[in-house]
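Asks: File start_36.cif below, mmCIF, C-alpha atoms:
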```
data_work
loop_
_atom_site.group_PDB
_atom_site.id
_atom_site.type_symbol
_atom_site.label_atom_id
_atom_site.label_comp_id
_atom_site.auth_asym_id
_atom_site.auth_seq_id
_atom_site.Cartn_x
_atom_site.Cartn_y
_atom_site.Cartn_z
ATOM 1 C CA SER A 17 -37.145 5.008 -25.473
ATOM 2 C CA PHE A 18 -38.604 4.844 -28.978
ATOM 3 C CA GLU A 19 -41.581 2.822 -27.743
ATOM 4 C CA ASN A 20 -43.194 5.964 -26.296
ATOM 5 C CA PHE A 21 -43.955 7.340 -29.774
ATOM 6 C CA ASP A 22 -46.583 6.622 -32.408
ATOM 7 C CA ILE A 23 -44.806 8.449 -35.248
ATOM 8 C CA ILE A 24 -41.049 8.661 -35.790
ATOM 9 C CA PHE A 25 -39.364 10.813 -38.397
ATOM 10 C CA THR A 26 -36.273 8.857 -39.464
ATOM 11 C CA ASN A 27 -33.226 10.405 -41.115
ATOM 12 C CA GLY A 28 -32.450 7.476 -43.396
ATOM 13 C CA ASP A 29 -33.347 3.934 -44.392
ATOM 14 C CA TYR A 30 -30.722 2.527 -41.991
ATOM 15 C CA GLN A 31 -32.547 4.084 -39.011
ATOM 16 C CA LYS A 32 -35.963 2.909 -40.214
ATOM 17 C CA LYS A 33 -34.651 -0.636 -40.691
ATOM 18 C CA GLU A 34 -33.083 -0.674 -37.209
ATOM 19 C CA LEU A 35 -36.332 0.507 -35.575
ATOM 20 C CA GLU A 36 -38.352 -2.096 -37.487
ATOM 21 C CA LEU A 37 -35.982 -4.846 -36.293
ATOM 22 C CA ILE A 38 -36.425 -3.623 -32.701
ATOM 23 C CA GLU A 39 -40.211 -3.754 -33.117
ATOM 24 C CA GLN A 40 -39.999 -7.348 -34.383
ATOM 25 C CA LYS A 41 -37.496 -8.527 -31.775
ATOM 26 C CA TYR A 42 -39.426 -7.196 -28.786
ATOM 27 C CA ASP A 43 -42.928 -7.569 -30.268
ATOM 28 C CA LEU A 44 -43.603 -3.838 -29.933
ATOM 29 C CA LYS A 45 -46.498 -1.942 -31.457
ATOM 30 C CA LYS A 46 -45.882 -0.868 -35.027
ATOM 31 C CA LYS A 47 -45.123 2.829 -35.451
ATOM 32 C CA LEU A 48 -45.586 5.078 -38.447
ATOM 33 C CA MET A 49 -42.088 5.916 -39.711
ATOM 34 C CA ILE A 50 -41.570 8.783 -42.111
ATOM 35 C CA ASN A 51 -38.177 9.106 -43.767
ATOM 36 C CA ASN A 52 -37.558 12.856 -43.910
ATOM 37 C CA GLY A 53 -33.767 13.124 -44.169
ATOM 38 C CA ASN A 54 -31.591 15.251 -41.931
ATOM 39 C CA PHE A 55 -32.467 18.945 -41.688
ATOM 40 C CA PHE A 56 -29.180 19.796 -39.978
ATOM 41 C CA TYR A 57 -27.219 18.381 -42.932
ATOM 42 C CA ASP A 58 -29.373 20.408 -45.315
ATOM 43 C CA TYR A 59 -28.581 23.507 -43.261
ATOM 44 C CA LEU A 60 -24.834 22.725 -43.224
ATOM 45 C CA LYS A 61 -24.731 22.207 -46.994
ATOM 46 C CA LYS A 62 -26.065 25.728 -47.478
ATOM 47 C CA THR A 63 -24.023 27.505 -44.800
ATOM 48 C CA ILE A 64 -20.654 25.739 -44.424
ATOM 49 C CA HIS A 65 -17.559 27.734 -45.430
ATOM 50 C CA HIS A 66 -15.231 25.434 -47.369
ATOM 51 C CA GLU A 67 -12.774 28.277 -47.925
ATOM 52 C CA LYS A 68 -11.856 28.405 -44.198
ATOM 53 C CA LEU A 69 -9.812 25.213 -44.604
ATOM 54 C CA GLU A 70 -6.301 25.452 -43.108
ATOM 55 C CA ASN A 71 -3.526 23.176 -44.304
ATOM 56 C CA LYS A 72 -2.143 20.728 -41.708
ATOM 57 C CA LYS A 73 -4.882 21.616 -39.199
ATOM 58 C CA ILE A 74 -6.192 18.498 -37.481
ATOM 59 C CA LEU A 75 -9.427 18.155 -35.585
ATOM 60 C CA PHE A 76 -8.944 15.608 -32.810
ATOM 61 C CA ALA A 77 -12.395 14.585 -31.558
ATOM 62 C CA PRO A 78 -12.271 11.621 -29.170
ATOM 63 C CA SER A 79 -15.613 10.071 -28.306
ATOM 64 C CA TRP A 80 -17.008 9.722 -24.822
ATOM 65 C CA ASN A 81 -17.254 6.241 -23.398
ATOM 66 C CA HIS A 82 -18.928 4.919 -20.232
ATOM 67 C CA ASN A 83 -15.738 2.946 -19.657
ATOM 68 C CA GLU A 84 -13.121 4.777 -17.572
ATOM 69 C CA LYS A 85 -10.517 3.255 -19.878
ATOM 70 C CA ASN A 86 -10.945 5.236 -23.084
ATOM 71 C CA LEU A 87 -8.956 6.985 -25.799
ATOM 72 C CA PHE A 88 -9.235 10.443 -24.271
ATOM 73 C CA ALA A 89 -8.159 9.405 -20.778
ATOM 74 C CA ASP A 90 -5.395 7.077 -21.929
ATOM 75 C CA TYR A 91 -3.938 8.747 -25.031
ATOM 76 C CA ALA A 92 -5.134 12.340 -25.593
ATOM 77 C CA ILE A 93 -1.958 13.988 -24.291
ATOM 78 C CA LYS A 94 0.315 11.644 -26.235
ATOM 79 C CA ILE A 95 -1.665 12.166 -29.470
ATOM 80 C CA ILE A 96 -1.651 15.971 -29.183
ATOM 81 C CA ASP A 97 2.056 15.987 -28.352
ATOM 82 C CA LEU A 98 2.845 13.668 -31.263
ATOM 83 C CA LEU A 99 0.965 15.820 -33.766
ATOM 84 C CA LEU A 100 2.313 19.151 -32.522
ATOM 85 C CA SER A 101 5.886 17.878 -32.525
ATOM 86 C CA ASN A 102 5.405 16.878 -36.184
ATOM 87 C CA ASN A 103 4.383 20.416 -37.200
ATOM 88 C CA PHE A 104 0.630 19.940 -37.308
ATOM 89 C CA SER A 105 -1.868 22.337 -35.776
ATOM 90 C CA VAL A 106 -4.370 20.641 -33.492
ATOM 91 C CA ILE A 107 -7.894 21.507 -32.458
ATOM 92 C CA LEU A 108 -8.948 19.313 -29.557
ATOM 93 C CA ARG A 109 -12.713 18.974 -29.330
ATOM 94 C CA PRO A 110 -13.511 16.831 -26.294
ATOM 95 C CA HIS A 111 -16.985 15.475 -25.734
ATOM 96 C CA PRO A 112 -18.863 17.569 -23.114
ATOM 97 C CA GLU A 113 -18.738 14.565 -20.761
ATOM 98 C CA HIS A 114 -14.931 14.751 -20.744
ATOM 99 C CA PHE A 115 -15.110 18.159 -19.067
ATOM 100 C CA LYS A 116 -17.128 16.578 -16.248
ATOM 101 C CA ARG A 117 -15.497 13.170 -15.929
ATOM 102 C CA ASN A 118 -11.886 13.894 -16.928
ATOM 103 C CA LYS A 119 -11.346 17.377 -15.525
ATOM 104 C CA ASN A 120 -7.845 16.469 -14.333
ATOM 105 C CA ILE A 121 -6.808 15.484 -17.874
ATOM 106 C CA ILE A 122 -8.375 18.649 -19.333
ATOM 107 C CA ASP A 123 -6.397 20.687 -16.776
ATOM 108 C CA GLU A 124 -3.193 18.835 -17.668
ATOM 109 C CA ILE A 125 -3.792 19.452 -21.389
ATOM 110 C CA ARG A 126 -4.359 23.160 -20.742
ATOM 111 C CA SER A 127 -1.210 23.382 -18.663
ATOM 112 C CA LYS A 128 0.906 21.531 -21.204
ATOM 113 C CA PHE A 129 -0.367 22.980 -24.513
ATOM 114 C CA ASN A 130 -2.191 26.298 -24.000
ATOM 115 C CA GLU A 131 0.933 28.351 -24.698
ATOM 116 C CA ASN A 132 1.444 26.587 -28.020
ATOM 117 C CA SER A 133 0.027 28.745 -30.827
ATOM 118 C CA ASN A 134 -0.666 25.570 -32.871
ATOM 119 C CA PHE A 135 -3.016 24.186 -30.228
ATOM 120 C CA GLU A 136 -6.663 25.081 -29.642
ATOM 121 C CA LEU A 137 -9.127 23.652 -27.125
ATOM 122 C CA ASP A 138 -12.610 23.882 -28.631
ATOM 123 C CA GLN A 139 -15.329 24.271 -25.993
ATOM 124 C CA LYS A 140 -17.989 25.810 -28.229
ATOM 125 C CA ILE A 141 -21.445 24.259 -28.417
ATOM 126 C CA SER A 142 -21.277 24.157 -32.213
ATOM 127 C CA ASN A 143 -18.627 22.059 -33.927
ATOM 128 C CA VAL A 144 -18.975 23.853 -37.279
ATOM 129 C CA GLU A 145 -16.097 26.343 -36.971
ATOM 130 C CA SER A 146 -13.614 23.630 -36.030
ATOM 131 C CA MET A 147 -14.764 21.415 -38.878
ATOM 132 C CA GLU A 148 -14.489 24.230 -41.412
ATOM 133 C CA LYS A 149 -10.842 24.900 -40.508
ATOM 134 C CA SER A 150 -9.665 21.296 -40.316
ATOM 135 C CA SER A 151 -8.202 19.300 -43.176
ATOM 136 C CA ILE A 152 -8.680 15.957 -41.419
ATOM 137 C CA VAL A 153 -10.439 14.550 -38.365
ATOM 138 C CA ILE A 154 -8.969 11.981 -35.991
ATOM 139 C CA THR A 155 -11.272 10.066 -33.659
ATOM 140 C CA ASP A 156 -11.972 6.671 -32.213
ATOM 141 C CA ASN A 157 -15.771 6.534 -32.489
ATOM 142 C CA SER A 158 -17.158 10.071 -32.622
ATOM 143 C CA ALA A 159 -20.184 10.684 -34.843
ATOM 144 C CA ILE A 160 -18.668 14.035 -35.880
ATOM 145 C CA VAL A 161 -17.171 12.118 -38.806
ATOM 146 C CA LEU A 162 -20.582 11.845 -40.470
ATOM 147 C CA GLU A 163 -20.920 15.613 -40.758
ATOM 148 C CA PHE A 164 -17.232 16.115 -41.496
ATOM 149 C CA HIS A 165 -17.053 13.681 -44.386
ATOM 150 C CA LEU A 166 -20.545 13.961 -45.855
ATOM 151 C CA ILE A 167 -20.634 17.766 -45.844
ATOM 152 C CA LEU A 168 -16.970 18.742 -46.232
ATOM 153 C CA ARG A 169 -15.752 15.628 -48.108
ATOM 154 C CA ARG A 170 -12.561 15.526 -46.041
ATOM 155 C CA PRO A 171 -10.701 12.454 -44.765
ATOM 156 C CA ILE A 172 -11.045 10.615 -41.465
ATOM 157 C CA ILE A 173 -8.541 8.663 -39.395
ATOM 158 C CA TYR A 174 -9.971 6.255 -36.848
ATOM 159 C CA LEU A 175 -7.775 5.145 -33.965
ATOM 160 C CA ASN A 176 -8.710 1.575 -33.145
ATOM 161 C CA TYR A 177 -8.644 1.368 -29.363
ATOM 162 C CA MET A 178 -11.968 0.467 -27.745
ATOM 163 C CA ASP A 179 -15.507 0.028 -28.990
ATOM 164 C CA ARG A 180 -18.035 2.564 -27.738
ATOM 165 C CA ILE A 181 -20.886 0.454 -26.408
ATOM 166 C CA HIS A 182 -23.621 2.325 -24.581
ATOM 167 C CA ASN A 183 -26.264 -0.345 -25.192
ATOM 168 C CA LYS A 184 -25.219 -3.676 -23.697
ATOM 169 C CA ASN A 185 -27.978 -5.500 -25.586
ATOM 170 C CA PHE A 186 -26.882 -4.303 -29.030
ATOM 171 C CA GLU A 187 -26.110 -7.820 -30.261
ATOM 172 C CA GLU A 188 -29.782 -8.796 -29.917
ATOM 173 C CA ILE A 189 -30.533 -6.704 -33.005
ATOM 174 C CA LYS A 190 -28.651 -8.291 -35.881
ATOM 175 C CA ILE A 191 -27.636 -5.141 -37.730
ATOM 176 C CA GLU A 192 -24.363 -3.330 -38.217
ATOM 177 C CA SER A 193 -24.471 0.232 -36.865
ATOM 178 C CA ILE A 194 -24.211 3.140 -39.297
ATOM 179 C CA ASN A 195 -21.033 4.217 -37.489
ATOM 180 C CA GLU A 196 -19.371 0.839 -38.120
ATOM 181 C CA VAL A 197 -20.393 0.866 -41.782
ATOM 182 C CA PHE A 198 -19.070 4.402 -42.147
ATOM 183 C CA LYS A 199 -15.775 3.509 -40.467
ATOM 184 C CA LYS A 200 -15.145 0.633 -42.902
ATOM 185 C CA GLU A 201 -16.251 2.507 -46.020
ATOM 186 C CA PHE A 202 -14.744 5.948 -45.507
ATOM 187 C CA GLY A 203 -12.111 5.823 -42.772
ATOM 188 C CA LYS A 204 -8.429 5.019 -42.535
ATOM 189 C CA ILE A 205 -8.071 2.820 -39.451
ATOM 190 C CA ILE A 206 -4.863 2.858 -37.403
ATOM 191 C CA ASP A 207 -4.434 0.505 -34.472
ATOM 192 C CA ILE A 208 -3.445 2.176 -31.228
ATOM 193 C CA LYS A 209 -0.315 -0.006 -31.163
ATOM 194 C CA GLU A 210 0.789 1.822 -34.320
ATOM 195 C CA LEU A 211 0.139 5.276 -32.887
ATOM 196 C CA ASP A 212 3.677 6.443 -33.656
ATOM 197 C CA SER A 213 2.844 6.101 -37.375
ATOM 198 C CA LEU A 214 0.028 8.650 -37.056
ATOM 199 C CA PRO A 215 1.982 11.664 -38.425
#
```
Is it possible to express this structure as structure tokens?
Replies:
Amino acid sequence: SFENFDIIFTNGDYQKKELELIEQKYDLKKKLMINNGNFFYDYLKKTIHHEKLENKKILFAPSWNHNEKNLFADYAIKIIDLLLSNNFSVILRPHPEHFKRNKNIIDEIRSKFNENSNFELDQKISNVESMEKSSIVITDNSAIVLEFHLILRRPIIYLNYMDRIHNKNFEEIKIESINEVFKKEFGKIIDIKELDSLP
């Protein structure tokens, strides 16, 4: 998709390097790349409300995966139940695709947890309000962690279950994704087999 452009504004050196490797690998025309940062992060730095933080409020943000076997489908109910029963408040922020592809699980979650005052299902377009209130985020592979940690400086727990691979040819470009680097550097990783240790 990037080949259709002559100029690309990149948000960091990692993105520029990845695009240059793609150009080399596939012998594509060279593009002008201008590293201009991330305007959304600049906006968040100025507008985020750190004081809205609530103790023991957890943002659970499972990623969407092409694979029908995924963290949301297989473990969302168990994770929410586990956290609520250990006196945490939970904001569930599913990916928009979950509302289309896993409607039955969304309905089951609503039926099981909507009456619990410590549970909230976040369907808003913006994720900012949920991030502001949460003291920690739990995910498998969601990119929400970049905003959450870089802007709010709050901790991340990754549940190691399945890789999110939406590009089957990713191994052709010999570079570690920014999400993988971030996971290793800033996250606490818990294997799904140790889920009961999550609280």
Asks: Up to 10 Å from (0.9, 16.3, -33.9) in the file's coordinates: name the residues, counting all atoms listed in the file, as a PyMOL selection string.
Replies: chain A and resi 72-74+76+94-106+134-135+214-215
Asks: Taking (-9.9, 18.2, -36.2) as a centre in this file's frame and 12 Å as the limit, can you find every polymer residue with an atom that close, using only C-alpha atoms, and give them as a PyMOL selection string?
Replies: chain A and resi 69-78+96+99+104-110+135-138+143-155+158+160-161+164-165+170-174
Asks: Would you kindly return, as a list in words, each protein, DNA or RNA residue with an atom no farther than 7 Å from any atom of Ile24 (chain A), considering only C-alpha atoms and excluding same-chain residues fewer than 5 positions away?
Replies: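 Near neighbours after the sequence-gap exclusion: Leu48, Met49 and Ile50 of chain A.
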Asks: Produce the centre coordinates and the three edge lengths, each in Å to one decimal, of the box along x, y and z that contains all listed atoms of region 69-86 of chain A with 5 Å added on each side, as JSON.
Replies:
```
{"center_x": -10.5, "center_y": 14.2, "center_z": -31.1, "size_x": 26.8, "size_y": 32.5, "size_z": 37.0}
```
Asks: Tell me which of A:Ser133, A:Gln31, A:Ser79, A:Ser127 sits closest to Ile93 (chain A), counting all atoms listed in the file.
Replies: A:Ser127
